[in-house]
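Engineer: I have a structure here, written as structure tokens, and I will follow up with some questions on it.
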Amino acid sequence: VSSAASDVYKRQDVRDECSKFGSVVEVAIPRPRAPGDETPVPGLGRAFVRYETVAGAAAARDALHGRKFGGKVVNADFIDVDAFERRAF
């Protein structure tokens, strides 16, 4: 499976799980830069989910925080919508 295909599967897995709590608008999973580019990638190793409503986001945070997903413990919290849109993770 290519890296691009793997990214699609990861985003879909996150979307599927998070959709249980509300309408998901977008899933963002920052990826590493090209080999040789040492510029830091904000949010690398994390997934960010934008919900249609605060209620959906709160339900997901409450249900997912501390759970294991993909072998990792979830640390669920809120970020500002503007920061999400600017990818300022």
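Within each chain, counting starts at residue 1; across the structure tokens, chains are named A, B, ... in the order shown, with ligands numbered 1 upward in that order.
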Any chance you could list, as a list in words, the residues in chain A that come up strand (DSSP E) when DSSP is run on the backbone?
Structural biologist: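 The strand (DSSP E) residues within chain A come out as Val24, Val25, Glu26, Val27, Ala28, Phe48, Val49, Arg50, Tyr51, Lys68, Phe69, Lys72 and Val73 of chain A.
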Engineer: For A:Asp77, list every protein, DNA or RNA residue within 12 Å, evaluated using only C-alpha atoms, and leave out those in the same chain fewer than 5 positions away; present the list as a PyMOL selection string.
Structural biologist: chain A and resi 46-50+54+57-66+89
Engineer: Would you list, as an MDAnalysis selection string, the residues of chain A that end up in alpha helix (DSSP H) under DSSP run on this structure's backbone?
Structural biologist: chainID A and resid 3:18 54:64 81:86
Engineer: Which one is closest to A:Ala76: A:Cys18, A:Pro35, A:Lys10, A:Val41? Count only C-alpha atoms.
Structural biologist: A:Cys18
Engineer: Between A:Arg33, A:Ile79, A:Pro40, A:Ala28, which one has atoms that come closest to A:Val14, using only C-alpha atoms?
Structural biologist: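 Nearest to A:Val14: A:Ala28.
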Engineer: Write out as a PyMOL selection string which residues come within 7 Å of A:Tyr51 when counting only C-alpha atoms, dropping same-chain ones fewer than 3 positions away.
Structural biologist: chain A and resi 22-25+54+56-57
Engineer: Using the selection just defined, write its residues with all heavy atoms as an mmCIF file, in the first residue's frame.
Structural biologist:
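As written to disk, part.cif reads:
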```cif
data_model
loop_
_atom_site.group_PDB
_atom_site.id
_atom_site.type_symbol
_atom_site.label_atom_id
_atom_site.label_comp_id
_atom_site.auth_asym_id
_atom_site.auth_seq_id
_atom_site.Cartn_x
_atom_site.Cartn_y
_atom_site.Cartn_z
ATOM 1 N N GLY A 22 -21.174 12.767 15.718
ATOM 2 C CA GLY A 22 -21.726 13.956 15.079
ATOM 3 C C GLY A 22 -21.235 14.047 13.644
ATOM 4 O O GLY A 22 -20.431 13.244 13.184
ATOM 5 N N SER A 23 -21.732 15.040 12.955
ATOM 6 C CA SER A 23 -21.389 15.232 11.549
ATOM 7 C C SER A 23 -19.972 15.799 11.413
ATOM 8 O O SER A 23 -19.687 16.904 11.870
ATOM 9 C CB SER A 23 -22.401 16.170 10.893
ATOM 10 O OG SER A 23 -22.073 16.361 9.528
ATOM 11 N N VAL A 24 -19.092 15.031 10.759
ATOM 12 C CA VAL A 24 -17.706 15.435 10.566
ATOM 13 C C VAL A 24 -17.606 16.270 9.288
ATOM 14 O O VAL A 24 -18.035 15.835 8.221
ATOM 15 C CB VAL A 24 -16.776 14.209 10.480
ATOM 16 C CG1 VAL A 24 -15.362 14.610 10.086
ATOM 17 C CG2 VAL A 24 -16.778 13.458 11.805
ATOM 18 N N VAL A 25 -17.038 17.456 9.412
ATOM 19 C CA VAL A 25 -16.845 18.345 8.267
ATOM 20 C C VAL A 25 -15.538 17.996 7.556
ATOM 21 O O VAL A 25 -15.489 17.934 6.324
ATOM 22 C CB VAL A 25 -16.839 19.823 8.712
ATOM 23 C CG1 VAL A 25 -16.495 20.759 7.561
ATOM 24 C CG2 VAL A 25 -18.175 20.190 9.331
ATOM 25 N N VAL A 54 -20.588 22.119 17.867
ATOM 26 C CA VAL A 54 -19.813 21.992 19.105
ATOM 27 C C VAL A 54 -20.291 20.767 19.881
ATOM 28 O O VAL A 54 -19.483 20.054 20.492
ATOM 29 C CB VAL A 54 -19.928 23.278 19.954
ATOM 30 C CG1 VAL A 54 -19.292 23.081 21.320
ATOM 31 C CG2 VAL A 54 -19.294 24.450 19.222
ATOM 32 N N GLY A 56 -21.325 17.895 18.752
ATOM 33 C CA GLY A 56 -20.684 16.701 18.190
ATOM 34 C C GLY A 56 -19.233 16.609 18.615
ATOM 35 O O GLY A 56 -18.746 15.534 18.991
ATOM 36 N N ALA A 57 -18.538 17.731 18.570
ATOM 37 C CA ALA A 57 -17.129 17.762 18.974
ATOM 38 C C ALA A 57 -16.985 17.407 20.454
ATOM 39 O O ALA A 57 -16.085 16.649 20.838
ATOM 40 C CB ALA A 57 -16.532 19.137 18.696
#
```
Engineer: What's the separation between atom CA of A:Ala4 and atom CA of A:Arg31, in Å to one decimal place?
Structural biologist: 10.0 Å
Engineer: To one decimal place in Å, what is the distance between atom CA of A:Ser6 and atom CA of A:Gly43?
Structural biologist: 17.9 Å
Engineer: Quick check, in Å to one decimal: how far apart do atom CA of A:Val81 and atom CA of A:Pro42 lie?
Structural biologist: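 Computing it gives 15.6 Å between the two atoms.
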